[in-house]
Each structure stands twice: as C-alpha cells, then as structure tokens.
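Okay, so here's the structure we're looking at.
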Amino acid sequence: MERIRVCSAKEQGMFPCQLGATAWGDKTYFTTMAAGEPTALLLYKKGAGKLLARLDFPAEGWGNLRQLCVEGIDREETQYCLEIGGEEMADPYSRILHGRAEFGKGHPRPEKGLYRGRHLSEKEQSFPALRSGFLADNYDWEGDRPLRRPWNETILYQLHVRGFTMEDSAGVNAPGTFGGLVEKIPYLKELGITAVELLPICDFDENGIAGPVNYWGYTGGYLFAPKSAYCDPHSKKPADIQCKDMVKALHRAGIEVLLQVFFPQETCPELVSQVLRFWTFEYHVDGFRVMGRFLGEMIQQDPALCGQKLLHYGWEKEDCFTSPAQVDTNFTESMRRLLRGDEEQVAALAHHIRYNPAKWPPVHYIAETNGFTLKDLVSYETKHNEPNGENNRDGSWYNFSDNCGQEGPVGDEKINALRLKQRMNALLLVFLSQGVPLLQAGDERGHSKGGNNNSWCQDNRISWLSWETAEKEDQALWAFTKELIAFRRAHPVFWQPREPQCCDYLATGMPDLSIHGVHPWLPQYENFRRQLGVLYNGAYGVRENGEKDASFYVMFNFHNAAHTFDLPKAPGGGRWHVRLDTARLAFWPEGAERAVEGKALELAPRSIVILTEKDREKPDGKKRKKKRA
C-alpha cells in the first residue's frame with residue numbers, strides 16, 4: 001500500500017458534492033455533513049481491523065459540508081468509518097457496509113462502546129463493528145441500458161428479496177439473496193412478469209437496538225448501500241457487484257427493476273435527489289416507489305431522472321421529465337368490497353375498469369405487502385396478528401375481506417372451491433382494467449400469512465414464500481394466473497395507449513369501450529345492483545404486427561344469485577364464444593372456445609365470464625367477410 005496522505009487544496013482540484021466516498025483515479029474524496037463538530041476519518045485494514053490512519057477533516061468547509069481528499073488508499077483492502085464528536089460510526093452515506101452480513105444480526109459496535117449517546121450492553125458490543133467500504137471500480141455492464149417499457153405494457157410483481165427465496169422449497173443455491181432472485185428469473189419469465197418492484201434493498205437497520213426485527217425495511221438506513229445481508233456469503237463478490245449482477249440479469253430477461261425507497265420525514269431534499277440519482281446511474285434501476293418523505297415536484301422536475309418510472313400515492317405536476325404512475329388505493333378498497341358482494345360498488349367498477357389518465361396511469365392491485373395476501377382475503381374475516389406481540393392491536397381493521405363461510409383453513413370442498421373462484425375473480429378485476437396491474441409475489445401460488453395483515457416483523461415462514469403448492473386449488477390458481485397474464489399481454493384492447501373515451505372516435509361503428517347491464521346498452525347503478533357488462537371493441541387494440549385485436553364482452557355478477565345477461569351484438573358481426581367462466585374454474589385456450597347458443601347467457605353467483613368474438617363461418621368452413629361499418 002502506498003503511503004496514505006491528505007492532498008493539499010491545490011492537489012485536490014475538485015469538490016464533488018456527492019456525499020460519501022467518491023473515487024477519482026488514485027484519489028478518494030470523503031464528503032460528510034459535520035455541523036461544526038470535530039470530525040475525523042478512520043482507515044482500517046480490511047478483515048484484520050488494524051487502524052491504518054486517523055485523519056482530521058478541516059474545521060471549515062462549504063456550509064455544513066466537510067471534505068478530505070486522500071491519496072494512497074488501497075480501496076479493495078481498506079474499510080473506513082467516521083469519528084464525529086468523539087463517537088465512532090459508519091459513514092451515513094456509505095456505498096458498501098461491512099458488519100451486517102447476516103440478517104437480524106450486526107448492531108453497530110463503536111470502539112468506545114457508545115451508540116447515539118448511550119452505552120451499549122455487553123451483548124450489543126459483541127456484534128462486529130459497522131464500517132464502510134468502497135465501490136468496485138470499472139464494473140462491466142456489457143452494454144446494459146434501461147428498458148423503458150411503456151406503462152401500459154407493464155406487469156408489476158412486488159417481492160421481498162429475502163422472503164422470495166428464503167424457504168428451502170425455493171430450491172436455490174443462495175436463498176434469500178440477490179443471487180437467489182436471479183435463479184428464479186425463469187419462473188418470472190414463465191409467469192409473464194415484465195417488471196419487479198423490490199421492497200427496500202438499501203442497507204436498512206432491521207434491528208434497531210431493541211424490539212422485533214424490521215423485516216420490511218421501512219426504516220432509516222444507509223440509502224446508498226445495497227443490503228449486505230441480501231448477498232451470498234459464499235461469493236467472493238462484494239455487495240455492489242452482486243446487486244448489479246442481479247439488475248443486469250433481470251434486464252437481459254426483459255424485466256425492469258423498480259425499488260421501494262423509504263425516506264424518513266427528517267430527510268433533507270437534496271439527499272432524496274442524490275439517492276434516486278445514485279441508484280439510477282450506479283445500479284441502472286428503472287424506477288422507484290418513493291415512500292416516507294415525499295418531494296413530488298422536485299423529483300418530477302429532475303432532468304437526471306428523465307424517463308424513470310415513479311410510483312406514488314399522489315403527484316403534483318402534470319408536466320415532468322419522469323414517467324409517474326399513481327398507486328390507486330381507491331381501486332383496492334372498492335374492488336374488495338365488490339368482491340365480497342357489498343352494495344353500491346358497481347359504479348366504482350365501471351369507473352376503475354376504464355380509468356387511465358395519460359398524466360399518471362393508475363397502478364391496480366387487490367393485495368400487496370401491507371395487508372392480507374390474496375388467499376387470506378378470502379379466508380379470514382378479521383386480522384390475526386397475535387404473533388406480532390401486540391395482542392392483535394396492530395394492523396388495520398378495515399380489510400373488506402370475506403372468509404366464504406368459515407374462518408381460516410378448512411377441509412370443506414365447497415368453501416375451498418368458492419375461495420378459488422373468488423381469487424380468480426379478484427385477479428380478473430386487476431388484469432382486465434386499464435392501467436398497470438400489480439401482483440404480489442406468492443398470491444399466484446396461494447401464499448398465506450395465517451391472517452396476519454401487518455407482518456412487518458415476521459422474518460419467518462409467515463412472510464417467506466413457500467414454493468410447494470400441495471393444495472389442488474393453489475395449483476389451479478398458478479395455472480390460471482399464468483394464462484391470465486398471457487391473455488392480457490396478447491390483447492392490447494385491455495391496455496390501450498390512452499384512456500377509453502366510451503365513444504367511437506375512430507368511426508368503427510361502436511365505442512372503444514362501453515358499459516352495459518343485464519340488458520345491452522343499459523347500465524344500472526342502483527345501490528342493490530351487483531351486475532355489469534363491459535364491451536371492448538377490438539378495433540381500438542392494435543397488435544405489434546398492425547392487426548386489430550379481437551373484441552370481448554366481459555360480464556360480472558357479484559350477487560349471491562344467478563342472473564341472465566342479454567348479449568349485445570358483436571362489433572364485427574361475428575358470434576360470441578365463451579373464453580373464460582370462473583363458475584366453471586375454466587379458461588379455454590384460443591381456438592377451443594365454446595360458442596354461445598342464443599342471445600342470452602346465465603351467470604352463476606359470484607362469477608365472471610369473458611366472451612370473445614369469432615367470425616361466423618359459411619357451410620364450407622370459410623369465414624364470412626365482414627361488412628363495412
């Protein structure tokens with residue numbers, strides 16, 4: 001190692017405002033916020049923990065920023081930390097964090113036995129010291145670029161990196177890691193996913209000092225560092241390389257990567273901007289769901305984030321550089337209430353199934369991390385959060401769920417068949433609506449948390465995804481979900497590039513989308529109604545080869561009694577065929593649809609039917625020519 005020395009102001013030659021450690025050739029710049037307190041840089045030999053140098057930051061800087069430019073550091077063999085006001089700590093802006101490689105273990109252990117002004121217990125001091133590392137130089141991205149897939153072609157899949165492959169049944173070599181997720185890419189491809197939304201992967205403090213593990217990661221942390229506990233401990237690659245390998249592998253498979261990033265309310269605006277820019281440039285991620293402190297206008301107007309996908313619950317600016325989407329919680333509540341048969345929800349269905357404003361498309365989901373899983377939504381009337389240790393006081397009481405007749409797991413085949421049908425209905429509400437569908441990992445496989453709707457502290461099989469689908473209903477749901485995603489992706493009429501106008505602006509002879517009741521062209525929104533028909537005109541869905549899509553008529557009956565629907569004429573003059581019927585738990589493949597006899601169709605209770613238009617055939621088997629509109 002060369003002699004470590006502090007460069008003079010003249011040798012320094014630049015002042016990067018990026019917080020943390022920034023490599024520039026043989027020089028390394030350390031920038032931190034000191035607010036007038038005495039600050040020093042401590043350099044340690046990697047592994048041995050030997051102190052190599054203690055270097056004082058200058059007493060003055062630029063505002064609250066202090067900077068050292070140091071030459072002669074072997075960044076591959078060196079770790080560092082800061083000493084601020086006599087207290088040793090990891091750099092809050094670390095790029096790599098050492099000392100927390102095992103999830104749930106690794107509290108910071110300063111040399112003086114102090115942490116945030118208090119003495120640590122003997123047990124807490126037994127944990128390894130928390131120190132910072134440096135990004136690897138010259139990572140080979142092999143031409144990787146952001147995919148920039150339009151929102152209307154996106155299928156989102158929300159997952160927890162650790163929980164996705166932590167179960168033995170996952171069958172991966174590196175469970176609970178970035179590499180484990182890479183091993184499951186073939187599964188994501190088979191399912192039809194185009195983008196993953198990852199719960200926080202920055203190195204958050206899952207332990208705090210006391211209390212349960214913070215499994216989700218919605219807490220403070222080291223926002224520039226990938227979580228070392230999500231890395232394969234048997235790999236010689238550092239955390240940044242393993243995380244980048246994951247992003248690159250997903251991109252190669254055509255899957256975008258969106259990160260959830262949690263900013264505590266005290267986070268300064270400049271830091272928010274730097275964090276999002278850093279993950280964009282350094283890790284090639286495709287977008288973010290911004291949580292905690294939200295600075296919408298600033299983020300949207302940042303030219304460095306141009307084209308990035310951004311998810312949030314409310315946006316401020318219509319004109320922006322980014323590609324924002326609205327997380328639509330109204331959809332979730334309304335469709336859950338519709339699913340269980342509540343009154344006054346048909347109008348909400350008519351609204352949400354076409355709602356898709358150009359400025360920020362809605363993200364639709366029926367279940368996500370915070371709340372019931374899809375299986376629990378149809379298996380539990382109330383939450384069961386006793387394992388959280390708060391006497392079931394935590395978590396929302398407003399789940400709008402229905403146990404279908406009995407609480408929890410049952411052996412009754414009729415109840416299980418109803419629950420399967422309701423799960424199919426729920427997924428159809430998501431995937432037949434305009435906007436962006438979001439699927440929670442495991443919902444397609446029947447994952448249950450035992451009725452826990454707030455599993456933030458459950459780093460165990462409550463949260464970990466099981467890859468064993470022993471129950472026949474769960475096996476059927478997996479096959480159904482895969483077919484449903486393929487069906488949506490094959491038919492652009494369900495993801496039109498603009499919000500349906502419910503009028504025929506292309507002069508095809510029928511509106512782009514029209515709303516009906518049990519009688520054609522007569523929607524009925526009285527409070528007791530639970531039936532609706534939606535006609536998708538295939539002329540408004542154009543495939544990649546320029547061909548027009550097929551037309552579809554979708555009928556919803558969420559009443560506990562059967563209802564007969566009179567059928568409208570098909571837009572192309574063809575004949576209606578049944579493509580899907582959740583009452584039969586059946587999804588007929590293309591070419592094997594069952595023709596509808598007559599001009600009406602009876603829908604069983606709590607069921608959805610999809611009809612597709614097929615051309616009439618002459619006696620010789622040739623298709624009739626369509627009349628001009």
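In the structure tokens, the first chain shown is A, the next is B, and so on; residue numbers restart at 1 for each chain, and ligands run from 1 in the order shown.
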
Inset, instruction - Name all residues at most 12 Å from Phe487 of chain A (count only C-alpha atoms; drop same-chain ones fewer than 3 positions away) and give them as a ChimeraX atom specification. - result: /A:191-192,428,431-432,480-484,490-495,549-550,552,579-580,587-590,610,612

Legend entry - Those in segment 207-445 of chain A with alpha helix (DSSP H) from DSSP, as an MDAnalysis selection string: chainID A and resid 239:252 269:283 296:300 329:339 346:352 374:377 413:431

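Put simply, atom CA of Glu142 of chain A is 20.8 Å away from atom CA of Pro226 of chain A.
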
Legend entry - Non-local contacts of Thr22 of chain A (12 Å; only C-alpha atoms; under 6 positions in same chain excluded) as a list in words: Met14, Phe15, Pro16, Thr28, Tyr29, Phe30, Thr31, Thr32, Gln67, Leu68, Cys69, Val70, Arg75, Tyr93, Ser94, Arg95, Ile96, Gly133, Phe134, Leu135, Ala136, Asp137, Phe224 and Phe278 of chain A

Write a file of the just-selected residues containing C-alpha atoms, as a PDB file, in the first residue's frame.
```pdb
ATOM      1  CA  MET A  14     -12.248  19.452  -7.450  1.00  0.00           C
ATOM      2  CA  PHE A  15     -15.083  19.337  -4.967  1.00  0.00           C
ATOM      3  CA  PRO A  16     -17.625  16.604  -5.689  1.00  0.00           C
ATOM      4  CA  THR A  28     -10.574   9.268  -2.810  1.00  0.00           C
ATOM      5  CA  TYR A  29     -12.850  12.117  -1.741  1.00  0.00           C
ATOM      6  CA  PHE A  30     -14.713  11.834   1.565  1.00  0.00           C
ATOM      7  CA  THR A  31     -17.625  14.246   1.979  1.00  0.00           C
ATOM      8  CA  THR A  32     -19.862  14.420   5.023  1.00  0.00           C
ATOM      9  CA  GLN A  67     -14.281  17.115   2.796  1.00  0.00           C
ATOM     10  CA  LEU A  68     -10.994  15.255   2.729  1.00  0.00           C
ATOM     11  CA  CYS A  69      -9.097  14.252  -0.374  1.00  0.00           C
ATOM     12  CA  VAL A  70      -6.853  11.273   0.423  1.00  0.00           C
ATOM     13  CA  ARG A  75      -9.727   0.624  -1.701  1.00  0.00           C
ATOM     14  CA  TYR A  93     -23.560   7.831   3.148  1.00  0.00           C
ATOM     15  CA  SER A  94     -21.685   4.525   2.776  1.00  0.00           C
ATOM     16  CA  ARG A  95     -21.602   2.847  -0.617  1.00  0.00           C
ATOM     17  CA  ILE A  96     -20.781  -0.520   0.978  1.00  0.00           C
ATOM     18  CA  GLY A 133     -16.291   0.170   2.124  1.00  0.00           C
ATOM     19  CA  PHE A 134     -15.764   1.391  -1.424  1.00  0.00           C
ATOM     20  CA  LEU A 135     -17.491   0.651  -4.703  1.00  0.00           C
ATOM     21  CA  ALA A 136     -15.653  -1.694  -7.037  1.00  0.00           C
ATOM     22  CA  ASP A 137     -14.021   0.047  -9.990  1.00  0.00           C
ATOM     23  CA  PHE A 224     -26.581   4.467  -0.884  1.00  0.00           C
ATOM     24  CA  PHE A 278     -27.270   7.405  -7.477  1.00  0.00           C
TER      25      PHE A 278
END
```

Inset, instruction - Might you pull out every residue within 12 Å of Gln265 of chain A, with only C-alpha atoms counted and same-chain residues fewer than 3 positions away left off, and present them as a PyMOL selection string? - result: chain A and resi 218-220+262+268-269+271-272+291-295

Inset, instruction - Name all residues at most 9 Å from Leu199 of chain A (count only C-alpha atoms; drop same-chain ones fewer than 4 positions away) and give them as number ranges by chain. - result: A: 158-161, 216-218, 259-261, 369

Could you take the residues named above and write them with all heavy atoms, as a compact mmCIF listing (two decimals), in the first residue's frame?
```
# COMPACT_ATOMS: atom_id res chain seq x y z
N GLN A 158 -44.51 -7.48 -7.14
CA GLN A 158 -43.91 -6.92 -5.93
C GLN A 158 -43.35 -8.05 -5.06
O GLN A 158 -44.07 -8.99 -4.72
CB GLN A 158 -44.96 -6.13 -5.15
CG GLN A 158 -44.44 -5.39 -3.94
CD GLN A 158 -45.57 -4.74 -3.17
OE1 GLN A 158 -46.24 -5.38 -2.38
NE2 GLN A 158 -45.80 -3.45 -3.43
N LEU A 159 -42.08 -7.94 -4.67
CA LEU A 159 -41.48 -9.02 -3.89
C LEU A 159 -40.44 -8.49 -2.90
O LEU A 159 -39.91 -7.39 -3.05
CB LEU A 159 -40.86 -10.08 -4.80
CG LEU A 159 -39.66 -9.68 -5.69
CD1 LEU A 159 -38.34 -9.89 -4.96
CD2 LEU A 159 -39.66 -10.50 -6.98
N HIS A 160 -40.18 -9.32 -1.90
CA HIS A 160 -39.15 -9.07 -0.88
C HIS A 160 -37.97 -9.97 -1.23
O HIS A 160 -38.12 -11.20 -1.31
CB HIS A 160 -39.71 -9.41 0.49
CG HIS A 160 -38.84 -9.02 1.64
ND1 HIS A 160 -37.68 -9.68 1.95
CD2 HIS A 160 -38.98 -8.03 2.57
CE1 HIS A 160 -37.13 -9.13 3.03
NE2 HIS A 160 -37.89 -8.13 3.42
N VAL A 161 -36.79 -9.39 -1.46
CA VAL A 161 -35.65 -10.17 -1.95
C VAL A 161 -35.35 -11.35 -1.03
O VAL A 161 -35.11 -12.47 -1.49
CB VAL A 161 -34.41 -9.27 -2.10
CG1 VAL A 161 -33.15 -10.11 -2.34
CG2 VAL A 161 -34.59 -8.30 -3.25
N TRP A 216 -39.59 -5.65 6.75
CA TRP A 216 -39.91 -4.95 5.51
C TRP A 216 -38.85 -3.94 5.11
O TRP A 216 -38.58 -3.76 3.93
CB TRP A 216 -41.26 -4.25 5.63
CG TRP A 216 -42.44 -5.17 5.62
CD1 TRP A 216 -42.45 -6.50 5.29
CD2 TRP A 216 -43.81 -4.84 5.94
NE1 TRP A 216 -43.71 -7.01 5.39
CE2 TRP A 216 -44.57 -6.02 5.78
CE3 TRP A 216 -44.43 -3.67 6.34
CZ2 TRP A 216 -45.95 -6.05 6.02
CZ3 TRP A 216 -45.81 -3.71 6.58
CH2 TRP A 216 -46.55 -4.87 6.42
N GLY A 217 -38.30 -3.23 6.07
CA GLY A 217 -37.27 -2.25 5.75
C GLY A 217 -37.74 -0.82 5.66
O GLY A 217 -37.01 0.03 5.16
N TYR A 218 -38.96 -0.54 6.14
CA TYR A 218 -39.45 0.84 6.11
C TYR A 218 -38.93 1.56 7.35
O TYR A 218 -39.67 1.85 8.30
CB TYR A 218 -40.98 0.87 6.06
CG TYR A 218 -41.55 0.14 4.85
CD1 TYR A 218 -42.71 -0.63 4.96
CD2 TYR A 218 -40.93 0.20 3.61
CE1 TYR A 218 -43.23 -1.29 3.86
CE2 TYR A 218 -41.44 -0.47 2.52
CZ TYR A 218 -42.60 -1.22 2.65
OH TYR A 218 -43.11 -1.88 1.57
N LEU A 259 -37.36 0.02 -7.40
CA LEU A 259 -37.01 -0.09 -5.99
C LEU A 259 -37.98 0.72 -5.14
O LEU A 259 -38.31 1.85 -5.49
CB LEU A 259 -35.59 0.43 -5.73
CG LEU A 259 -34.45 -0.17 -6.53
CD1 LEU A 259 -33.13 0.43 -6.05
CD2 LEU A 259 -34.42 -1.68 -6.42
N GLN A 260 -38.40 0.15 -4.03
CA GLN A 260 -39.04 0.94 -2.99
C GLN A 260 -37.94 1.62 -2.18
O GLN A 260 -37.00 0.95 -1.74
CB GLN A 260 -39.90 0.07 -2.09
CG GLN A 260 -41.15 -0.48 -2.73
CD GLN A 260 -42.05 -1.20 -1.74
OE1 GLN A 260 -41.79 -1.21 -0.54
NE2 GLN A 260 -43.12 -1.81 -2.23
N VAL A 261 -38.05 2.93 -2.00
CA VAL A 261 -37.07 3.67 -1.21
C VAL A 261 -37.82 4.43 -0.14
O VAL A 261 -38.73 5.22 -0.44
CB VAL A 261 -36.25 4.64 -2.08
CG1 VAL A 261 -35.17 5.32 -1.23
CG2 VAL A 261 -35.60 3.90 -3.25
N THR A 369 -47.96 -5.95 0.05
CA THR A 369 -47.24 -6.27 1.28
C THR A 369 -48.01 -5.89 2.53
O THR A 369 -48.16 -6.68 3.46
CB THR A 369 -45.87 -5.57 1.27
OG1 THR A 369 -45.12 -6.04 0.15
CG2 THR A 369 -45.12 -5.85 2.55
```

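Minimum atom-to-atom distance to Tyr380 of chain A, evaluated using only C-alpha atoms, belongs to A:Gly408 out of A:Gly435, A:Gly573, A:Pro357, A:Gly408.
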
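By chain and then residue number, the residues within 8 Å of Val596 of chain A are Arg575, Trp576, His577, Val578, Arg594, Gly598, Lys599 and Leu601 of chain A, counting only C-alpha atoms and disregarding those fewer than 2 positions away in sequence.
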
Restricted to all heavy atoms, what would the selected residues look like written as a tab-separated table (two decimals), in the first residue's frame?
```tsv
chain	number	residue	atom	x	y	z
A	575	ARG	N	-69.73	-14.01	-33.92
A	575	ARG	CA	-70.51	-14.74	-32.94
A	575	ARG	C	-69.72	-14.83	-31.63
A	575	ARG	O	-68.51	-15.00	-31.64
A	575	ARG	CB	-70.80	-16.16	-33.45
A	575	ARG	CG	-71.71	-16.98	-32.56
A	575	ARG	CD	-71.98	-18.33	-33.22
A	575	ARG	NE	-72.84	-19.17	-32.39
A	575	ARG	CZ	-73.18	-20.40	-32.68
A	575	ARG	NH1	-72.74	-20.97	-33.80
A	575	ARG	NH2	-73.97	-21.10	-31.88
A	576	TRP	N	-70.44	-14.70	-30.51
A	576	TRP	CA	-69.78	-14.75	-29.21
A	576	TRP	C	-69.44	-16.18	-28.83
A	576	TRP	O	-70.23	-17.10	-29.01
A	576	TRP	CB	-70.65	-14.15	-28.11
A	576	TRP	CG	-70.86	-12.67	-28.19
A	576	TRP	CD1	-72.05	-12.01	-28.31
A	576	TRP	CD2	-69.85	-11.66	-28.12
A	576	TRP	NE1	-71.85	-10.64	-28.33
A	576	TRP	CE2	-70.50	-10.40	-28.21
A	576	TRP	CE3	-68.46	-11.67	-27.99
A	576	TRP	CZ2	-69.82	-9.20	-28.18
A	576	TRP	CZ3	-67.77	-10.47	-27.98
A	576	TRP	CH2	-68.45	-9.25	-28.06
A	577	HIS	N	-68.23	-16.36	-28.29
A	577	HIS	CA	-67.77	-17.64	-27.77
A	577	HIS	C	-67.25	-17.43	-26.35
A	577	HIS	O	-66.66	-16.41	-26.04
A	577	HIS	CB	-66.65	-18.24	-28.62
A	577	HIS	CG	-67.09	-18.75	-29.94
A	577	HIS	ND1	-67.63	-17.93	-30.93
A	577	HIS	CD2	-67.08	-20.01	-30.47
A	577	HIS	CE1	-67.92	-18.65	-31.99
A	577	HIS	NE2	-67.59	-19.91	-31.73
A	578	VAL	N	-67.46	-18.41	-25.47
A	578	VAL	CA	-67.00	-18.30	-24.08
A	578	VAL	C	-65.51	-18.62	-24.02
A	578	VAL	O	-65.08	-19.71	-24.39
A	578	VAL	CB	-67.78	-19.27	-23.16
A	578	VAL	CG1	-67.27	-19.14	-21.72
A	578	VAL	CG2	-69.27	-18.97	-23.22
A	594	ARG	N	-66.01	-22.10	-26.46
A	594	ARG	CA	-67.33	-22.72	-26.61
A	594	ARG	C	-68.32	-21.66	-27.13
A	594	ARG	O	-68.47	-20.59	-26.54
A	594	ARG	CB	-67.79	-23.26	-25.25
A	594	ARG	CG	-69.18	-23.86	-25.25
A	594	ARG	CD	-69.44	-24.54	-23.90
A	594	ARG	NE	-69.28	-23.61	-22.79
A	594	ARG	CZ	-70.27	-22.82	-22.32
A	594	ARG	NH1	-71.47	-22.86	-22.90
A	594	ARG	NH2	-70.05	-22.02	-21.30
A	598	GLY	N	-77.92	-18.94	-28.58
A	598	GLY	CA	-78.95	-17.97	-28.26
A	598	GLY	C	-78.38	-16.57	-28.03
A	598	GLY	O	-77.20	-16.30	-28.26
A	599	LYS	N	-79.24	-15.69	-27.54
A	599	LYS	CA	-78.88	-14.28	-27.38
A	599	LYS	C	-78.76	-13.87	-25.92
A	599	LYS	O	-78.74	-12.68	-25.61
A	599	LYS	CB	-79.92	-13.41	-28.08
A	599	LYS	CG	-80.01	-13.65	-29.59
A	599	LYS	CD	-81.04	-12.74	-30.24
A	599	LYS	CE	-81.10	-12.97	-31.75
A	599	LYS	NZ	-82.11	-12.07	-32.39
A	601	LEU	N	-77.20	-15.25	-21.78
A	601	LEU	CA	-76.34	-16.18	-21.06
A	601	LEU	C	-76.56	-16.00	-19.56
A	601	LEU	O	-76.60	-14.88	-19.06
A	601	LEU	CB	-74.87	-15.93	-21.40
A	601	LEU	CG	-73.86	-16.98	-20.92
A	601	LEU	CD1	-74.08	-18.29	-21.66
A	601	LEU	CD2	-72.44	-16.49	-21.15
```

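Considering only C-alpha atoms, the residue among A:His563, A:Arg498, A:Lys414, A:Arg100 positioned nearest to Val518 of chain A is A:His563.
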
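Residues in contact with Asn214 of chain A at up to 8 Å, not including ones fewer than 4 positions away on its chain and judged by only C-alpha atoms, are A:Asp205, A:Glu206, A:Asn207, A:Tyr218, A:Thr219, A:Trp456, A:Cys457, A:Gln458.
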
Hey, can you spit out that residue selection with C-alpha atoms as a compact mmCIF listing (two decimals), in the first residue's frame?
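This went into selection02.txt:
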```
# COMPACT_ATOMS: atom_id res chain seq x y z
CA ASP A 205 -31.22 -1.30 10.19
CA GLU A 206 -33.62 -4.21 10.70
CA ASN A 207 -32.70 -4.49 14.37
CA TYR A 218 -39.45 0.84 6.11
CA THR A 219 -37.00 2.49 8.46
CA TRP A 456 -43.55 -6.19 9.17
CA CYS A 457 -41.67 -8.04 11.94
CA GLN A 458 -42.07 -11.63 10.72
```

Inset, instruction - DSSP on the backbone, then: every residue of segment 302-359 of chain A marked strand (DSSP E or B), written as a VMD selection string. - result: chain A and resid 309 to 312 323 to 327

Residue selection dump (N, CA and C atoms) as an mmCIF file, in the first residue's frame:
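Produced file part-v2.cif, reproduced below:
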```cif
data_model
loop_
_atom_site.group_PDB
_atom_site.id
_atom_site.type_symbol
_atom_site.label_atom_id
_atom_site.label_comp_id
_atom_site.auth_asym_id
_atom_site.auth_seq_id
_atom_site.Cartn_x
_atom_site.Cartn_y
_atom_site.Cartn_z
ATOM 1 N N LYS A 309 -39.409 5.392 -14.168
ATOM 2 C CA LYS A 309 -40.739 5.087 -13.665
ATOM 3 C C LYS A 309 -40.804 5.469 -12.183
ATOM 4 N N LEU A 310 -41.834 6.197 -11.798
ATOM 5 C CA LEU A 310 -42.004 6.609 -10.408
ATOM 6 C C LEU A 310 -43.416 6.291 -9.953
ATOM 7 N N LEU A 311 -43.521 5.598 -8.816
ATOM 8 C CA LEU A 311 -44.821 5.261 -8.243
ATOM 9 C C LEU A 311 -45.010 6.034 -6.949
ATOM 10 N N HIS A 312 -46.215 6.588 -6.783
ATOM 11 C CA HIS A 312 -46.559 7.226 -5.518
ATOM 12 C C HIS A 312 -48.067 7.299 -5.409
ATOM 13 N N SER A 323 -41.628 9.429 -15.563
ATOM 14 C CA SER A 323 -42.813 8.696 -16.010
ATOM 15 C C SER A 323 -43.574 8.231 -14.768
ATOM 16 N N PRO A 324 -44.448 9.087 -14.224
ATOM 17 C CA PRO A 324 -45.095 8.757 -12.943
ATOM 18 C C PRO A 324 -46.336 7.877 -13.121
ATOM 19 N N ALA A 325 -46.634 7.120 -12.065
ATOM 20 C CA ALA A 325 -47.867 6.346 -12.001
ATOM 21 C C ALA A 325 -48.450 6.489 -10.607
ATOM 22 N N GLN A 326 -49.779 6.409 -10.536
ATOM 23 C CA GLN A 326 -50.499 6.625 -9.281
ATOM 24 C C GLN A 326 -50.879 5.294 -8.652
ATOM 25 N N VAL A 327 -50.421 5.050 -7.414
ATOM 26 C CA VAL A 327 -50.827 3.843 -6.698
ATOM 27 C C VAL A 327 -52.272 4.044 -6.241
#
```

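Shortest separation to Asn356 of chain A among A:Cys404, A:Ile193, A:Ala174, A:Asn152 occurs at residue A:Asn152, atoms counted being only C-alpha atoms.
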
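Residue nearest Phe164 of chain A, chosen from A:Leu465, A:Ile299, A:Ala417, A:Cys202 and counting only C-alpha atoms: A:Leu465.
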